[in-house]
Amino acid sequence: MVVTTAGDSLPGLEGMLPRPPYAVRRQPLLETLPPPDAGALPRALAAGGWAAIACTSPRAAAVLGPLLADGLTLPPVWAVGPGTARALAAAGPRLHVAPARDDATSAAEGLAAAMLGAGVPGPVLFVAGDPHRPELTARLADAGVATETVIVYRSVPVADVELVAALARADLVVIGSPALVTVLAAQGDDARQVVYVALGPTTAEACRTAGLPLGAVAEPSSAQGVADAVRRAARDLSLDP
C-alpha cells in the first residue's frame with residue numbers, strides 16, 4: 001500500500017495496519033512549493049475589514065496559524081476538520097469548526113453551509129493552496145457573500161517516472177487530493193492497475209469521474225478512517241487474509 005499524502009499526515013497509520021499482512025509505504029506524490037507572493041497573507045490580515053477568515057486545508061492552516069498570534073484584531077476564523085482546527089488554535093474563542101456531515105457533501109461545502117447558517121456576511125478571506133476546490137467560494141457567492149482568496153502554498157506533482165514507479169509497486173493507493181487524481185489519471189493504464197482509497201467524498205468523486213478504480217472511501221479522513229477503509233478494500237480484493 002502506498003500513502004501519497006504528505007509525510008506528516010495520518011500519524012499512527014502504520015501501527016493500525018501491522019506488517020504482515022500490510023506493507024505501508026509513504027511516498028508523497030505532490031511537492032509543496034512557496035506561493036507566488038509570500039507577503040499577500042500578512043498584508044491581507046493587516047488590512048483588516050474581513051467579516052470572517054475561512055480555511056479548508058491543514059497545510060494552509062499551518063501558514064495562517066502563526067500569524068493569528070501576532071496581536072491582530074481578528075474576525076471569526078472558520079475551519080474544517082480537527083487537523084485544520086489544531087493548526088488554528090491561536091484564534092482561541094474566535095475559532096469555529098464546521099460540524100461533521102453524514103452526507104456526501106464535501107468538507108468545503110459543509111464549511112460554507114455552517115458559515116451561512118451562522119449568518120456570516122462578507123467579505124470572507126479564504127486562505128488556500130493552489131490548486132484548491134471551488135466549492136467554498138462558489139457556495140458563498142451564490143448566497144451573496146463576497147470572498148477573496150489568498151494563496152499560501154502551491155502543490156505540484158513529482159516527475160512522471162516517480163508516479164509510475166509508485167503505482168507499479170502497489171496494490172492499494174491512498175489518495176487525498178482531487179488534483180492528484182487528475183495527475184494520476186493522465187498516466188493511463190498504469191494508473192488503472194491499482195485500487196484507490198480516497199480521503200473523503202470529494203476525492204472519491206474525482207476518482208469515479210477520472211475512471212480510477214475506487215476501493216473504499218475513508219470517512220473521517222483520519223488515520224483510523226483510512227485504516228478501516230483499507231481493510232474494507234483489501235477484503236473486497238481478497239488481499240486481506
# chains A, B, ... in the order shown; residues from 1 in each chain; ligands from 1
>>> closest_atom_pairs(of="range 110-173 of chain A", to="range 71-83 of chain A", cutoff="12 Å", atoms="only C-alpha atoms", output="Markdown table")
| residue | atom | partner | partner_atom | distance |
| --- | --- | --- | --- | --- |
| A:Gly110 | CA | A:Val80 | CA | 8.1 |
| A:Leu111 | CA | A:Val80 | CA | 6.3 |
| A:Ala112 | CA | A:Trp78 | CA | 9.3 |
| A:Ala113 | CA | A:Trp78 | CA | 11.4 |
| A:Ala114 | CA | A:Trp78 | CA | 9.0 |
| A:Met115 | CA | A:Trp78 | CA | 7.7 |
| A:Leu116 | CA | A:Trp78 | CA | 11.4 |
| A:Ala118 | CA | A:Trp78 | CA | 11.0 |
| A:Gly119 | CA | A:Pro76 | CA | 11.9 |
| A:Val120 | CA | A:Pro76 | CA | 9.1 |
| A:Pro121 | CA | A:Pro76 | CA | 11.1 |
| A:Gly122 | CA | A:Pro75 | CA | 11.3 |
| A:Pro123 | CA | A:Pro75 | CA | 10.8 |
| A:Val124 | CA | A:Pro75 | CA | 9.5 |
| A:Leu125 | CA | A:Val77 | CA | 9.4 |
| A:Phe126 | CA | A:Trp78 | CA | 9.5 |
| A:Val127 | CA | A:Ala79 | CA | 10.3 |
| A:Ala128 | CA | A:Ala79 | CA | 11.5 |
| A:Leu136 | CA | A:Val80 | CA | 11.1 |
>>> select_by_dssp(residues="range 177-234 of chain A", states="strand (DSSP E or B)", output="PyMOL selection string")
chain A and resi 195-199+214-218
>>> write_last_selection(atoms="all heavy atoms", output="mmCIF file, in the first residue's frame")
data_model
loop_
_atom_site.group_PDB
_atom_site.id
_atom_site.type_symbol
_atom_site.label_atom_id
_atom_site.label_comp_id
_atom_site.auth_asym_id
_atom_site.auth_seq_id
_atom_site.Cartn_x
_atom_site.Cartn_y
_atom_site.Cartn_z
ATOM 1 N N VAL A 195 -5.868 -0.113 -7.048
ATOM 2 C CA VAL A 195 -7.143 0.314 -6.467
ATOM 3 C C VAL A 195 -6.873 1.440 -5.472
ATOM 4 O O VAL A 195 -5.870 1.413 -4.747
ATOM 5 C CB VAL A 195 -7.849 -0.879 -5.788
ATOM 6 C CG1 VAL A 195 -9.091 -0.416 -5.031
ATOM 7 C CG2 VAL A 195 -8.224 -1.927 -6.837
ATOM 8 N N TYR A 196 -7.774 2.409 -5.434
ATOM 9 C CA TYR A 196 -7.554 3.614 -4.653
ATOM 10 C C TYR A 196 -8.458 3.669 -3.426
ATOM 11 O O TYR A 196 -9.625 3.254 -3.474
ATOM 12 C CB TYR A 196 -7.801 4.856 -5.520
ATOM 13 C CG TYR A 196 -6.809 4.951 -6.651
ATOM 14 C CD1 TYR A 196 -7.033 4.265 -7.846
ATOM 15 C CD2 TYR A 196 -5.626 5.670 -6.510
ATOM 16 C CE1 TYR A 196 -6.110 4.311 -8.878
ATOM 17 C CE2 TYR A 196 -4.697 5.717 -7.531
ATOM 18 C CZ TYR A 196 -4.942 5.045 -8.710
ATOM 19 O OH TYR A 196 -4.015 5.083 -9.721
ATOM 20 N N VAL A 197 -7.888 4.173 -2.350
ATOM 21 C CA VAL A 197 -8.640 4.508 -1.146
ATOM 22 C C VAL A 197 -8.625 6.023 -1.048
ATOM 23 O O VAL A 197 -7.557 6.637 -0.927
ATOM 24 C CB VAL A 197 -8.022 3.868 0.109
ATOM 25 C CG1 VAL A 197 -8.713 4.382 1.368
ATOM 26 C CG2 VAL A 197 -8.120 2.350 0.038
ATOM 27 N N ALA A 198 -9.792 6.644 -1.129
ATOM 28 C CA ALA A 198 -9.900 8.101 -1.187
ATOM 29 C C ALA A 198 -10.164 8.684 0.190
ATOM 30 O O ALA A 198 -10.932 8.120 0.976
ATOM 31 C CB ALA A 198 -11.022 8.506 -2.138
ATOM 32 N N LEU A 199 -9.532 9.812 0.466
ATOM 33 C CA LEU A 199 -9.770 10.540 1.713
ATOM 34 C C LEU A 199 -10.941 11.493 1.511
ATOM 35 O O LEU A 199 -10.767 12.647 1.127
ATOM 36 C CB LEU A 199 -8.525 11.327 2.139
ATOM 37 C CG LEU A 199 -7.513 10.571 3.019
ATOM 38 C CD1 LEU A 199 -6.849 9.467 2.213
ATOM 39 C CD2 LEU A 199 -6.475 11.520 3.572
ATOM 40 N N LEU A 214 -11.972 2.659 -7.581
ATOM 41 C CA LEU A 214 -12.150 3.119 -6.203
ATOM 42 C C LEU A 214 -12.528 1.945 -5.321
ATOM 43 O O LEU A 214 -13.572 1.326 -5.503
ATOM 44 C CB LEU A 214 -13.227 4.204 -6.150
ATOM 45 C CG LEU A 214 -13.515 4.816 -4.780
ATOM 46 C CD1 LEU A 214 -12.294 5.564 -4.253
ATOM 47 C CD2 LEU A 214 -14.716 5.763 -4.856
ATOM 48 N N GLY A 215 -11.656 1.648 -4.336
ATOM 49 C CA GLY A 215 -11.918 0.522 -3.454
ATOM 50 C C GLY A 215 -12.722 0.883 -2.231
ATOM 51 O O GLY A 215 -13.554 0.096 -1.782
ATOM 52 N N ALA A 216 -12.462 2.069 -1.664
ATOM 53 C CA ALA A 216 -13.162 2.481 -0.451
ATOM 54 C C ALA A 216 -12.926 3.977 -0.239
ATOM 55 O O ALA A 216 -12.002 4.566 -0.811
ATOM 56 C CB ALA A 216 -12.664 1.686 0.768
ATOM 57 N N VAL A 217 -13.784 4.557 0.605
ATOM 58 C CA VAL A 217 -13.670 5.969 0.956
ATOM 59 C C VAL A 217 -13.449 6.066 2.456
ATOM 60 O O VAL A 217 -14.200 5.478 3.246
ATOM 61 C CB VAL A 217 -14.945 6.750 0.564
ATOM 62 C CG1 VAL A 217 -14.764 8.237 0.862
ATOM 63 C CG2 VAL A 217 -15.278 6.536 -0.904
ATOM 64 N N ALA A 218 -12.412 6.786 2.856
ATOM 65 C CA ALA A 218 -12.115 6.976 4.276
ATOM 66 C C ALA A 218 -12.927 8.145 4.808
ATOM 67 O O ALA A 218 -12.742 9.276 4.388
ATOM 68 C CB ALA A 218 -10.630 7.260 4.474
#
>>> select_by_dssp(residues="chain A", states="alpha helix (DSSP H)", output="PyMOL selection string")
chain A and resi 13-16+40-47+58-67+81-87+107-117+135-142+160-168+178-185+201-210+223-236
>>> residues_around(residues="Ala38 in chain A", least_positions_apart="2", cutoff="9 Å", atoms="only C-alpha atoms", output="JSON, numbers by chain")
{"A": [34, 35, 36, 40, 41, 42, 151, 152, 153]}
>>> write_last_selection(atoms="C-alpha atoms", output="compact mmCIF listing (two decimals), in the first residue's frame")
# COMPACT_ATOMS: atom_id res chain seq x y z
CA PRO A 34 6.03 28.59 -1.73
CA PRO A 35 3.25 30.84 -3.03
CA PRO A 36 3.86 33.42 -5.77
CA ALA A 40 0.00 38.51 0.43
CA LEU A 41 -1.47 36.90 3.54
CA PRO A 42 0.25 39.17 6.11
CA ILE A 151 -2.77 31.52 -1.96
CA VAL A 152 -0.27 30.43 0.70
CA TYR A 153 1.31 27.37 -0.98
>>> closest_residue(among="A:Ala46, A:Ala23, A:Ala210, A:Val164", to="Asp190 in chain A", atoms="only C-alpha atoms")
A:Val164
>>> decode(residues="range 45-189 of chain A", atoms="C-alpha atoms", output="compact mmCIF listing (two decimals), in the first residue's frame")
# COMPACT_ATOMS: atom_id res chain seq x y z
CA LEU A 45 -4.60 40.28 7.67
CA ALA A 46 -3.06 43.66 8.50
CA ALA A 47 -5.51 45.47 6.21
CA GLY A 48 -8.45 44.05 8.15
CA GLY A 49 -12.05 44.62 7.20
CA TRP A 50 -12.86 40.90 6.99
CA ALA A 51 -16.11 39.54 8.36
CA ALA A 52 -14.51 36.09 8.67
CA ILE A 53 -11.48 34.02 7.70
CA ALA A 54 -12.02 30.55 6.21
CA CYS A 55 -9.56 27.69 5.85
CA THR A 56 -10.19 24.21 4.43
CA SER A 57 -6.65 22.82 4.40
CA PRO A 58 -4.35 21.78 7.26
CA ARG A 59 -1.35 22.92 5.20
CA ALA A 60 -2.88 26.34 4.61
CA ALA A 61 -3.81 26.49 8.28
CA ALA A 62 -0.18 25.81 9.21
CA VAL A 63 0.76 29.01 7.37
CA LEU A 64 -2.13 31.02 8.78
CA GLY A 65 -1.92 29.80 12.38
CA PRO A 66 1.30 31.56 13.48
CA LEU A 67 0.05 34.86 12.06
CA LEU A 68 -3.03 34.69 14.26
CA ALA A 69 -0.84 35.02 17.35
CA ASP A 70 0.63 38.37 16.32
CA GLY A 71 -1.80 40.51 18.28
CA LEU A 72 -4.05 41.32 15.35
CA THR A 73 -7.70 42.08 15.91
CA LEU A 74 -9.27 39.02 14.38
CA PRO A 75 -12.66 38.26 12.90
CA PRO A 76 -14.10 34.77 13.45
CA VAL A 77 -11.93 32.03 11.95
CA TRP A 78 -13.73 29.08 10.36
CA ALA A 79 -12.10 25.69 9.81
CA VAL A 80 -12.91 22.18 8.61
CA GLY A 81 -11.73 19.07 10.41
CA PRO A 82 -9.60 18.55 13.50
CA GLY A 83 -6.25 18.88 11.69
CA THR A 84 -7.10 22.30 10.30
CA ALA A 85 -8.57 23.37 13.64
CA ARG A 86 -5.46 22.34 15.59
CA ALA A 87 -3.26 24.49 13.38
CA LEU A 88 -5.56 27.46 14.04
CA ALA A 89 -5.74 27.09 17.82
CA ALA A 90 -4.18 30.57 18.22
CA ALA A 91 -7.54 32.03 17.17
CA GLY A 92 -8.85 30.96 20.59
CA PRO A 93 -12.55 31.58 21.13
CA ARG A 94 -12.80 33.14 17.67
CA LEU A 95 -12.28 29.69 16.12
CA HIS A 96 -15.32 27.89 14.71
CA VAL A 97 -15.13 24.33 13.40
CA ALA A 98 -17.74 23.12 10.95
CA PRO A 99 -19.56 20.03 12.26
CA ALA A 100 -19.02 16.70 10.53
CA ARG A 101 -21.66 15.81 7.97
CA ASP A 102 -23.16 12.40 7.27
CA ASP A 103 -23.96 13.05 3.60
CA ALA A 104 -21.62 13.15 0.60
CA THR A 105 -21.14 16.91 0.84
CA SER A 106 -17.52 17.96 0.55
CA ALA A 107 -15.77 19.50 3.54
CA ALA A 108 -15.65 22.88 1.81
CA GLU A 109 -19.37 22.80 1.09
CA GLY A 110 -20.03 21.81 4.69
CA LEU A 111 -17.98 24.75 5.92
CA ALA A 112 -19.83 27.15 3.65
CA ALA A 113 -23.16 25.81 4.89
CA ALA A 114 -22.08 26.28 8.51
CA MET A 115 -20.93 29.83 7.84
CA LEU A 116 -24.16 30.74 6.06
CA GLY A 117 -26.18 29.10 8.80
CA ALA A 118 -24.42 31.31 11.32
CA GLY A 119 -25.21 34.40 9.27
CA VAL A 120 -21.62 35.23 8.32
CA PRO A 121 -21.61 38.27 6.00
CA GLY A 122 -18.88 39.25 3.57
CA PRO A 123 -16.19 39.81 2.83
CA VAL A 124 -14.57 36.50 3.74
CA LEU A 125 -10.83 35.91 3.45
CA PHE A 126 -10.26 32.39 2.13
CA VAL A 127 -6.75 31.08 2.88
CA ALA A 128 -5.96 28.29 0.44
CA GLY A 129 -3.44 26.39 -1.63
CA ASP A 130 -3.11 26.21 -5.38
CA PRO A 131 -4.87 24.25 -6.71
CA HIS A 132 -7.92 24.18 -4.43
CA ARG A 133 -11.53 23.14 -4.75
CA PRO A 134 -14.01 25.88 -5.67
CA GLU A 135 -16.97 24.74 -3.54
CA LEU A 136 -16.49 27.14 -0.63
CA THR A 137 -16.27 30.34 -2.65
CA ALA A 138 -18.96 29.19 -5.08
CA ARG A 139 -21.45 28.39 -2.32
CA LEU A 140 -20.77 31.68 -0.55
CA ALA A 141 -21.03 33.62 -3.81
CA ASP A 142 -24.39 32.01 -4.56
CA ALA A 143 -25.59 33.39 -1.22
CA GLY A 144 -24.25 36.86 -1.99
CA VAL A 145 -21.23 36.63 0.32
CA ALA A 146 -18.09 38.13 -1.21
CA THR A 147 -14.77 36.30 -0.81
CA GLU A 148 -11.14 36.99 -1.55
CA THR A 149 -8.72 34.08 -1.93
CA VAL A 150 -5.10 34.31 -0.80
CA ILE A 151 -2.77 31.52 -1.96
CA VAL A 152 -0.27 30.43 0.70
CA TYR A 153 1.31 27.37 -0.98
CA ARG A 154 1.41 25.55 -4.31
CA SER A 155 1.17 21.81 -4.93
CA VAL A 156 2.92 20.37 -7.98
CA PRO A 157 3.25 16.70 -8.97
CA VAL A 158 6.50 14.80 -8.81
CA ALA A 159 8.08 13.62 -12.06
CA ASP A 160 6.16 11.12 -14.18
CA VAL A 161 8.79 8.45 -13.59
CA GLU A 162 8.16 8.69 -9.84
CA LEU A 163 4.41 8.47 -10.35
CA VAL A 164 4.74 5.33 -12.47
CA ALA A 165 7.17 3.74 -10.01
CA ALA A 166 4.78 4.34 -7.10
CA LEU A 167 1.91 2.73 -8.99
CA ALA A 168 3.99 -0.25 -10.10
CA ARG A 169 4.79 -1.27 -6.54
CA ALA A 170 1.28 -1.03 -5.07
CA ASP A 171 -1.95 -2.95 -4.73
CA LEU A 172 -3.71 -0.10 -2.92
CA VAL A 173 -3.01 3.64 -3.17
CA VAL A 174 -4.27 6.10 -0.56
CA ILE A 175 -5.04 9.39 -2.26
CA GLY A 176 -6.24 12.63 -0.68
CA SER A 177 -6.32 15.23 -3.43
CA PRO A 178 -8.56 15.66 -6.49
CA ALA A 179 -5.60 17.44 -8.11
CA LEU A 180 -3.51 14.28 -7.72
CA VAL A 181 -6.34 12.21 -9.17
CA THR A 182 -6.08 14.26 -12.37
CA VAL A 183 -2.31 13.81 -12.50
CA LEU A 184 -2.50 10.05 -11.95
CA ALA A 185 -5.32 9.57 -14.44
CA ALA A 186 -3.04 11.08 -17.08
CA GLN A 187 -0.72 8.08 -16.60
CA GLY A 188 -3.25 5.95 -18.48
CA ASP A 189 -3.32 2.19 -17.91
